[in-house]
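Student: Got run.pdb for you, PDB, C-alpha atoms and all ligand atoms:
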ATOM      1  CA  MET A  84       0.698   7.452  25.559  1.00  0.00           C
ATOM      2  CA  LYS A  85       0.526   8.247  29.266  1.00  0.00           C
ATOM      3  CA  PHE A  86      -0.355  11.474  30.988  1.00  0.00           C
ATOM      4  CA  VAL A  87      -0.038  12.139  34.662  1.00  0.00           C
ATOM      5  CA  VAL A  88      -2.610  14.662  35.715  1.00  0.00           C
ATOM      6  CA  ASN A  89      -3.846  16.199  38.888  1.00  0.00           C
ATOM      7  CA  TYR A  90      -6.572  13.911  40.169  1.00  0.00           C
ATOM      8  CA  GLU A  91      -8.976  16.665  41.294  1.00  0.00           C
ATOM      9  CA  LYS A  92      -8.548  18.495  37.999  1.00  0.00           C
ATOM     10  CA  TYR A  93      -9.203  15.290  36.142  1.00  0.00           C
ATOM     11  CA  LEU A  94     -12.410  14.667  38.061  1.00  0.00           C
ATOM     12  CA  ALA A  95     -13.518  18.283  37.541  1.00  0.00           C
ATOM     13  CA  ASN A  96     -13.026  17.950  33.804  1.00  0.00           C
ATOM     14  CA  ILE A  97     -14.241  14.410  33.353  1.00  0.00           C
ATOM     15  CA  ASN A  98     -17.027  15.532  31.023  1.00  0.00           C
ATOM     16  CA  HIS A  99     -14.844  17.874  29.058  1.00  0.00           C
ATOM     17  CA  PRO A 100     -15.225  17.123  25.343  1.00  0.00           C
ATOM     18  CA  LEU A 101     -11.709  15.801  24.909  1.00  0.00           C
ATOM     19  CA  SER A 102     -10.649  14.859  21.407  1.00  0.00           C
ATOM     20  CA  PHE A 103      -9.420  11.521  22.703  1.00  0.00           C
ATOM     21  CA  LYS A 104     -11.003   8.876  24.804  1.00  0.00           C
ATOM     22  CA  ILE A 105      -9.471   7.840  28.068  1.00  0.00           C
ATOM     23  CA  HIS A 106      -9.466   4.090  28.058  1.00  0.00           C
ATOM     24  CA  GLU A 107      -7.534   3.236  31.165  1.00  0.00           C
ATOM     25  CA  PHE A 108      -6.470   4.984  34.276  1.00  0.00           C
ATOM     26  CA  GLU A 109      -4.969   4.088  37.555  1.00  0.00           C
ATOM     27  CA  ASP A 110      -4.526   5.948  40.779  1.00  0.00           C
ATOM     28  CA  ILE A 111      -0.983   6.807  41.709  1.00  0.00           C
ATOM     29  CA  PHE A 112       0.437   8.826  44.548  1.00  0.00           C
ATOM     30  CA  ASP A 113       3.153  11.440  44.368  1.00  0.00           C
ATOM     31  CA  ASN A 114       5.925  11.804  46.974  1.00  0.00           C
ATOM     32  CA  THR A 115       3.701  13.871  49.252  1.00  0.00           C
ATOM     33  CA  ASN A 116       1.232  10.991  49.150  1.00  0.00           C
ATOM     34  CA  LYS A 117      -1.201  13.224  47.286  1.00  0.00           C
ATOM     35  CA  LYS A 118      -3.380  11.256  44.966  1.00  0.00           C
ATOM     36  CA  LYS A 119      -2.765  11.803  41.285  1.00  0.00           C
ATOM     37  CA  CYS A 120      -4.209  10.002  38.390  1.00  0.00           C
ATOM     38  CA  GLU A 121      -2.279   8.420  35.570  1.00  0.00           C
ATOM     39  CA  LEU A 122      -4.225   8.298  32.358  1.00  0.00           C
ATOM     40  CA  LYS A 123      -3.474   6.225  29.330  1.00  0.00           C
ATOM     41  CA  VAL A 124      -5.060   7.725  26.258  1.00  0.00           C
ATOM     42  CA  MET A 125      -5.272   6.577  22.704  1.00  0.00           C
ATOM     43  CA  THR A 126      -4.093   9.285  20.339  1.00  0.00           C
ATOM     44  CA  ASN A 127      -5.409   7.786  17.144  1.00  0.00           C
ATOM     45  CA  SER A 128      -5.521   9.669  13.893  1.00  0.00           C
ATOM     46  CA  LEU A 129      -6.455   9.233  10.266  1.00  0.00           C
ATOM     47  CA  ALA A 130      -3.283   7.883   8.646  1.00  0.00           C
ATOM     48  CA  HIS A 131      -4.622   7.778   5.101  1.00  0.00           C
ATOM     49  CA  ILE A 132      -7.517   7.250   2.754  1.00  0.00           C
ATOM     50  CA  ALA A 133      -6.642   4.723   0.063  1.00  0.00           C
ATOM     51  CA  ILE A 134      -7.837   5.071  -3.514  1.00  0.00           C
ATOM     52  CA  ALA A 135      -7.601   2.214  -6.010  1.00  0.00           C
ATOM     53  CA  VAL A 136      -6.489   3.239  -9.498  1.00  0.00           C
ATOM     54  CA  GLU A 137      -5.573   1.418 -12.702  1.00  0.00           C
ATOM     55  CA  ASN A 138      -2.304   3.326 -12.993  1.00  0.00           C
ATOM     56  CA  ILE A 139      -0.606   5.254 -10.191  1.00  0.00           C
ATOM     57  CA  GLU A 140       1.435   7.451 -12.519  1.00  0.00           C
ATOM     58  CA  ASN A 141      -1.705   8.672 -14.287  1.00  0.00           C
ATOM     59  CA  ALA A 142      -3.374   9.528 -10.970  1.00  0.00           C
ATOM     60  CA  LYS A 143      -0.461  11.239  -9.204  1.00  0.00           C
ATOM     61  CA  SER A 144      -0.572  14.660 -10.843  1.00  0.00           C
ATOM     62  CA  LEU A 145      -4.280  15.233 -10.244  1.00  0.00           C
ATOM     63  CA  PHE A 146      -4.088  14.218  -6.586  1.00  0.00           C
ATOM     64  CA  GLU A 147      -0.949  16.330  -6.160  1.00  0.00           C
ATOM     65  CA  LEU A 148      -2.854  19.292  -7.582  1.00  0.00           C
ATOM     66  CA  ILE A 149      -5.908  18.731  -5.381  1.00  0.00           C
ATOM     67  CA  THR A 150      -4.006  18.120  -2.133  1.00  0.00           C
ATOM     68  CA  GLY A 151      -1.005  20.392  -2.668  1.00  0.00           C
ATOM     69  CA  GLY A 152       1.219  17.457  -1.685  1.00  0.00           C
ATOM     70  CA  ILE A 153       3.947  15.576  -3.508  1.00  0.00           C
ATOM     71  CA  ALA A 154       3.534  11.897  -4.293  1.00  0.00           C
ATOM     72  CA  SER A 155       6.174   9.560  -2.879  1.00  0.00           C
ATOM     73  CA  GLU A 156       8.096   7.012  -4.907  1.00  0.00           C
ATOM     74  CA  ASN A 157       6.079   3.886  -5.529  1.00  0.00           C
ATOM     75  CA  HIS A 158       6.518   1.096  -3.023  1.00  0.00           C
ATOM     76  CA  GLN A 159       5.447  -2.465  -3.663  1.00  0.00           C
ATOM     77  CA  VAL A 160       3.856  -4.584  -0.939  1.00  0.00           C
ATOM     78  CA  GLU A 161       4.609  -8.095  -2.145  1.00  0.00           C
ATOM     79  CA  SER A 162       2.212  -9.880   0.190  1.00  0.00           C
ATOM     80  CA  GLN A 163      -0.727  -7.818  -1.081  1.00  0.00           C
ATOM     81  CA  LYS A 164       0.409  -7.687  -4.728  1.00  0.00           C
ATOM     82  CA  VAL A 165      -0.008  -3.946  -4.783  1.00  0.00           C
ATOM     83  CA  SER A 166       2.049  -0.886  -5.641  1.00  0.00           C
ATOM     84  CA  THR A 167       1.493   2.178  -3.435  1.00  0.00           C
ATOM     85  CA  SER A 168       2.320   5.869  -3.403  1.00  0.00           C
ATOM     86  CA  PHE A 169       1.550   8.266  -0.570  1.00  0.00           C
ATOM     87  CA  ILE A 170       0.700  11.953  -0.903  1.00  0.00           C
ATOM     88  CA  ASN A 171       1.032  13.701   2.446  1.00  0.00           C
ATOM     89  CA  PHE A 172      -1.008  16.806   3.114  1.00  0.00           C
ATOM     90  CA  GLY A 173      -2.689  18.488   6.078  1.00  0.00           C
ATOM     91  CA  GLY A 174      -1.512  15.929   8.619  1.00  0.00           C
ATOM     92  CA  THR A 175      -2.858  12.950   6.718  1.00  0.00           C
ATOM     93  CA  SER A 176      -2.274  11.177   3.395  1.00  0.00           C
ATOM     94  CA  ILE A 177      -3.869   9.787   0.329  1.00  0.00           C
ATOM     95  CA  GLU A 178      -2.581   6.331  -0.558  1.00  0.00           C
ATOM     96  CA  LEU A 179      -2.818   5.431  -4.236  1.00  0.00           C
ATOM     97  CA  LEU A 180      -3.110   1.689  -4.871  1.00  0.00           C
ATOM     98  CA  GLU A 181      -2.357  -0.036  -8.157  1.00  0.00           C
ATOM     99  CA  PRO A 182      -2.645  -3.803  -8.517  1.00  0.00           C
ATOM    100  CA  VAL A 183       0.456  -5.774  -9.430  1.00  0.00           C
ATOM    101  CA  GLY A 184      -0.822  -8.502 -11.714  1.00  0.00           C
ATOM    102  CA  ASP A 185      -4.264  -9.982 -12.181  1.00  0.00           C
ATOM    103  CA  ASP A 186      -6.286 -11.832  -9.574  1.00  0.00           C
ATOM    104  CA  THR A 187      -5.281  -9.570  -6.691  1.00  0.00           C
ATOM    105  CA  PRO A 188      -7.568  -7.903  -4.136  1.00  0.00           C
ATOM    106  CA  ILE A 189      -7.142  -4.504  -5.832  1.00  0.00           C
ATOM    107  CA  SER A 190      -7.617  -5.815  -9.388  1.00  0.00           C
ATOM    108  CA  LYS A 191     -10.856  -7.455  -8.229  1.00  0.00           C
ATOM    109  CA  PHE A 192     -11.955  -4.212  -6.602  1.00  0.00           C
ATOM    110  CA  LEU A 193     -11.211  -2.285  -9.815  1.00  0.00           C
ATOM    111  CA  SER A 194     -13.127  -4.704 -12.014  1.00  0.00           C
ATOM    112  CA  GLN A 195     -16.093  -4.834  -9.635  1.00  0.00           C
ATOM    113  CA  LYS A 196     -16.335  -1.161  -8.695  1.00  0.00           C
ATOM    114  CA  GLY A 197     -14.226   0.649 -11.251  1.00  0.00           C
ATOM    115  CA  GLY A 198     -11.933   2.069  -8.585  1.00  0.00           C
ATOM    116  CA  GLY A 199     -12.551   4.722  -5.955  1.00  0.00           C
ATOM    117  CA  ILE A 200     -12.069   4.792  -2.200  1.00  0.00           C
ATOM    118  CA  HIS A 201     -10.824   1.365  -1.131  1.00  0.00           C
ATOM    119  CA  HIS A 202     -10.174   1.754   2.590  1.00  0.00           C
ATOM    120  CA  LEU A 203      -9.364   4.193   5.332  1.00  0.00           C
ATOM    121  CA  CYS A 204      -6.544   3.719   7.777  1.00  0.00           C
ATOM    122  CA  ILE A 205      -6.492   4.697  11.434  1.00  0.00           C
ATOM    123  CA  GLU A 206      -3.115   4.766  13.165  1.00  0.00           C
ATOM    124  CA  THR A 207      -2.862   3.984  16.837  1.00  0.00           C
ATOM    125  CA  ASP A 208      -0.233   3.634  19.521  1.00  0.00           C
ATOM    126  CA  GLU A 209      -2.355   0.921  21.145  1.00  0.00           C
ATOM    127  CA  PHE A 210      -2.257  -1.510  18.217  1.00  0.00           C
ATOM    128  CA  ASP A 211      -2.581  -4.929  19.892  1.00  0.00           C
ATOM    129  CA  ASN A 212      -4.802  -3.620  22.652  1.00  0.00           C
ATOM    130  CA  LEU A 213      -7.217  -1.981  20.210  1.00  0.00           C
ATOM    131  CA  ILE A 214      -7.381  -5.061  17.944  1.00  0.00           C
ATOM    132  CA  GLU A 215      -8.483  -7.106  20.957  1.00  0.00           C
ATOM    133  CA  LYS A 216     -11.121  -4.539  21.889  1.00  0.00           C
ATOM    134  CA  ILE A 217     -12.481  -4.387  18.335  1.00  0.00           C
ATOM    135  CA  LYS A 218     -12.530  -8.179  18.064  1.00  0.00           C
ATOM    136  CA  ASN A 219     -14.395  -8.353  21.369  1.00  0.00           C
ATOM    137  CA  THR A 220     -17.254  -6.384  19.810  1.00  0.00           C
ATOM    138  CA  GLY A 221     -17.704  -9.229  17.308  1.00  0.00           C
ATOM    139  CA  VAL A 222     -15.932  -7.566  14.367  1.00  0.00           C
ATOM    140  CA  ARG A 223     -13.995 -10.123  12.332  1.00  0.00           C
ATOM    141  CA  ILE A 224     -10.320  -9.591  11.568  1.00  0.00           C
ATOM    142  CA  LEU A 225      -9.098 -10.343   8.026  1.00  0.00           C
ATOM    143  CA  GLY A 226      -6.040 -12.517   8.608  1.00  0.00           C
ATOM    144  CA  ASP A 227      -3.188 -11.767  10.954  1.00  0.00           C
ATOM    145  CA  PRO A 228      -1.406  -8.390  11.198  1.00  0.00           C
ATOM    146  CA  PHE A 229       1.290  -7.973   8.542  1.00  0.00           C
ATOM    147  CA  ILE A 230       3.929  -5.414   7.569  1.00  0.00           C
ATOM    148  CA  GLY A 231       2.291  -2.765   5.388  1.00  0.00           C
ATOM    149  CA  ALA A 232       3.498  -0.193   2.870  1.00  0.00           C
ATOM    150  CA  LYS A 233       5.111   1.975   5.557  1.00  0.00           C
ATOM    151  CA  ASN A 234       6.939  -0.921   7.216  1.00  0.00           C
ATOM    152  CA  LYS A 235       4.563  -0.759  10.124  1.00  0.00           C
ATOM    153  CA  ARG A 236       2.227  -3.477  11.381  1.00  0.00           C
ATOM    154  CA  VAL A 237      -1.252  -3.238   9.883  1.00  0.00           C
ATOM    155  CA  VAL A 238      -4.432  -5.265   9.960  1.00  0.00           C
ATOM    156  CA  PHE A 239      -7.792  -5.110   8.190  1.00  0.00           C
ATOM    157  CA  PHE A 240     -11.261  -5.827   9.498  1.00  0.00           C
ATOM    158  CA  HIS A 241     -14.172  -7.425   7.667  1.00  0.00           C
ATOM    159  CA  PRO A 242     -16.079  -4.551   6.005  1.00  0.00           C
ATOM    160  CA  LYS A 243     -19.408  -6.316   6.538  1.00  0.00           C
ATOM    161  CA  ASP A 244     -18.792  -5.866  10.268  1.00  0.00           C
ATOM    162  CA  THR A 245     -17.763  -2.206   9.956  1.00  0.00           C
ATOM    163  CA  PHE A 246     -20.684  -0.678   8.068  1.00  0.00           C
ATOM    164  CA  ASN A 247     -19.289  -1.605   4.637  1.00  0.00           C
ATOM    165  CA  VAL A 248     -16.154   0.454   5.134  1.00  0.00           C
ATOM    166  CA  LEU A 249     -12.880  -1.422   4.850  1.00  0.00           C
ATOM    167  CA  ILE A 250     -10.818  -0.252   7.817  1.00  0.00           C
ATOM    168  CA  GLU A 251      -7.094  -0.688   8.213  1.00  0.00           C
ATOM    169  CA  LEU A 252      -5.463  -0.270  11.582  1.00  0.00           C
ATOM    170  CA  GLU A 253      -1.796   0.764  11.568  1.00  0.00           C
ATOM    171  CA  GLU A 254       0.649   0.771  14.453  1.00  0.00           C
ATOM    172  CA  LYS A 255       2.083   4.233  15.135  1.00  0.00           C
TER     173      LYS A 255
HETATM  174 CO    CO B 301      -3.652   1.521   3.555  1.00  0.00          CO
END
Please rewrite the model in this file as structure tokens.

Tutor:
Amino acid sequence: MKFVVNYEKYLANINHPLSFKIHEFEDIFDNTNKKKCELKVMTNSLAHIAIAVENIENAKSLFELITGGIASENHQVESQKVSTSFINFGGTSIELLEPVGDDTPISKFLSQKGGGIHHLCIETDEFDNLIEKIKNTGVRILGDPFIGAKNKRVVFFHPKDTFNVLIELEEK
């Protein structure tokens, strides 16, 4: 996302506790040759928190009650051998994950940990750019980006490199 702002105002507010981080800016000039500043900002948000369950149908009603949302139809992601349902609430979602078959990442997670929070997903409009920046810090990427449950490009990072939290990045 790009914002064009008044350059002096930008400089005056440079330490303002903005909720987003300016990651690029360039000087531009308007038609009176007055200097303005074009900012590119990342407007990332929490897309969902994913919870691994043995059976999505059994979990839906409780999470609907807790969140006040309505669970979506189940959607299968073939490449990950997982069935998913999203419950939207308060500007974010809970993603329920149920393994499809044995010997899948989610079935392993369930047998090892008994279920619970599996990953959190941050959505970004700077998908490729942000992947590069994260990789440049030394964080390993788990495979190439693929098409996730919402038909958007997603990628996961190695949880050992991200404080033992599995993080998914999703393109907005
Ligand atoms: Co997810």

Student: Take the PyMOL selection byres (((not hetatm)) within 12 of (chain B and resi 301)), apply it to the structure above, and return the hits as a tab-separated table (two decimals) with C-alpha atoms, in the coordinates of the input.

Tutor:
chain	number	residue	atom	x	y	z
A	129	LEU	CA	-6.46	9.23	10.27
A	130	ALA	CA	-3.28	7.88	8.65
A	131	HIS	CA	-4.62	7.78	5.10
A	132	ILE	CA	-7.52	7.25	2.75
A	133	ALA	CA	-6.64	4.72	0.06
A	134	ILE	CA	-7.84	5.07	-3.51
A	135	ALA	CA	-7.60	2.21	-6.01
A	160	VAL	CA	3.86	-4.58	-0.94
A	163	GLN	CA	-0.73	-7.82	-1.08
A	165	VAL	CA	-0.01	-3.95	-4.78
A	166	SER	CA	2.05	-0.89	-5.64
A	167	THR	CA	1.49	2.18	-3.44
A	168	SER	CA	2.32	5.87	-3.40
A	169	PHE	CA	1.55	8.27	-0.57
A	175	THR	CA	-2.86	12.95	6.72
A	176	SER	CA	-2.27	11.18	3.40
A	177	ILE	CA	-3.87	9.79	0.33
A	178	GLU	CA	-2.58	6.33	-0.56
A	179	LEU	CA	-2.82	5.43	-4.24
A	180	LEU	CA	-3.11	1.69	-4.87
A	181	GLU	CA	-2.36	-0.04	-8.16
A	189	ILE	CA	-7.14	-4.50	-5.83
A	200	ILE	CA	-12.07	4.79	-2.20
A	201	HIS	CA	-10.82	1.36	-1.13
A	202	HIS	CA	-10.17	1.75	2.59
A	203	LEU	CA	-9.36	4.19	5.33
A	204	CYS	CA	-6.54	3.72	7.78
A	205	ILE	CA	-6.49	4.70	11.43
A	206	GLU	CA	-3.12	4.77	13.16
A	229	PHE	CA	1.29	-7.97	8.54
A	230	ILE	CA	3.93	-5.41	7.57
A	231	GLY	CA	2.29	-2.76	5.39
A	232	ALA	CA	3.50	-0.19	2.87
A	233	LYS	CA	5.11	1.98	5.56
A	234	ASN	CA	6.94	-0.92	7.22
A	235	LYS	CA	4.56	-0.76	10.12
A	236	ARG	CA	2.23	-3.48	11.38
A	237	VAL	CA	-1.25	-3.24	9.88
A	238	VAL	CA	-4.43	-5.26	9.96
A	239	PHE	CA	-7.79	-5.11	8.19
A	249	LEU	CA	-12.88	-1.42	4.85
A	250	ILE	CA	-10.82	-0.25	7.82
A	251	GLU	CA	-7.09	-0.69	8.21
A	252	LEU	CA	-5.46	-0.27	11.58
A	253	GLU	CA	-1.80	0.76	11.57
A	254	GLU	CA	0.65	0.77	14.45

Student: My list of candidates is A:Lys143, A:Ile149, A:Ile217, A:Asp227. Which is closest to Asp244 of chain A when distances are computed with only C-alpha atoms?

Tutor: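 Answer, going by the shortest atom-to-atom distance: A:Ile217.
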
Student: Please determine, counting only C-alpha atoms, which residue among A:Ile170, A:Asn127, A:Phe240, A:Asp208 has the shortest atom-to-atom distance to Thr220 of chain A.

Tutor: A:Phe240

Student: Quick check, in Å to one decimal: how far apart do atom CA of Gly199 of chain A and atom CA of Thr126 of chain A lie?

Tutor: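 Answer for the atom CA of Gly199 of chain A to atom CA of Thr126 of chain A separation: 28.0 Å.
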
Student: Measuring atom to atom with all atoms listed in the file, identify which of A:Thr207, A:Phe246, A:Arg223, A:Asp186 is nearest to Met125 of chain A.

Tutor: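 Smallest separation from Met125 of chain A among the options: A:Thr207.
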
Student: What is the distance, in Å and to one decimal place, between atom CA of Val183 of chain A and atom CA of Lys164 of chain A?

Tutor: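 Interatomic distance, atom CA of Val183 of chain A to atom CA of Lys164 of chain A: 5.1 Å.
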
Student: Just the number, please: distance in Å from atom CA of Gly197 of chain A to atom CA of Gly184 of chain A, one decimal.

Tutor: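 So the two atoms, atom CA of Gly197 of chain A and atom CA of Gly184 of chain A, lie 16.2 Å apart.
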
Student: Rank A:Asn219, A:Asn171, A:Ser190, A:Asn212 by their smallest atom-to-atom distance to Glu147 of chain A, using all atoms listed in the file, and report the top residue only.

Tutor: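 Residue with the minimum atom-to-atom distance to Glu147 of chain A: A:Asn171.
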
Student: Find the residue from A:Glu161, A:Asn141, A:Ala154, A:Val222 that sits nearest to Asn247 of chain A; use all atoms listed in the file when measuring.

Tutor: A:Val222

Student: Calculated over only C-alpha atoms, which of the candidates A:Thr245, A:Glu156, A:Phe210, A:Leu145 has the smallest distance to Pro228 of chain A?

Tutor: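 Among A:Thr245, A:Glu156, A:Phe210, A:Leu145, it is A:Phe210 that comes nearest to Pro228 of chain A.
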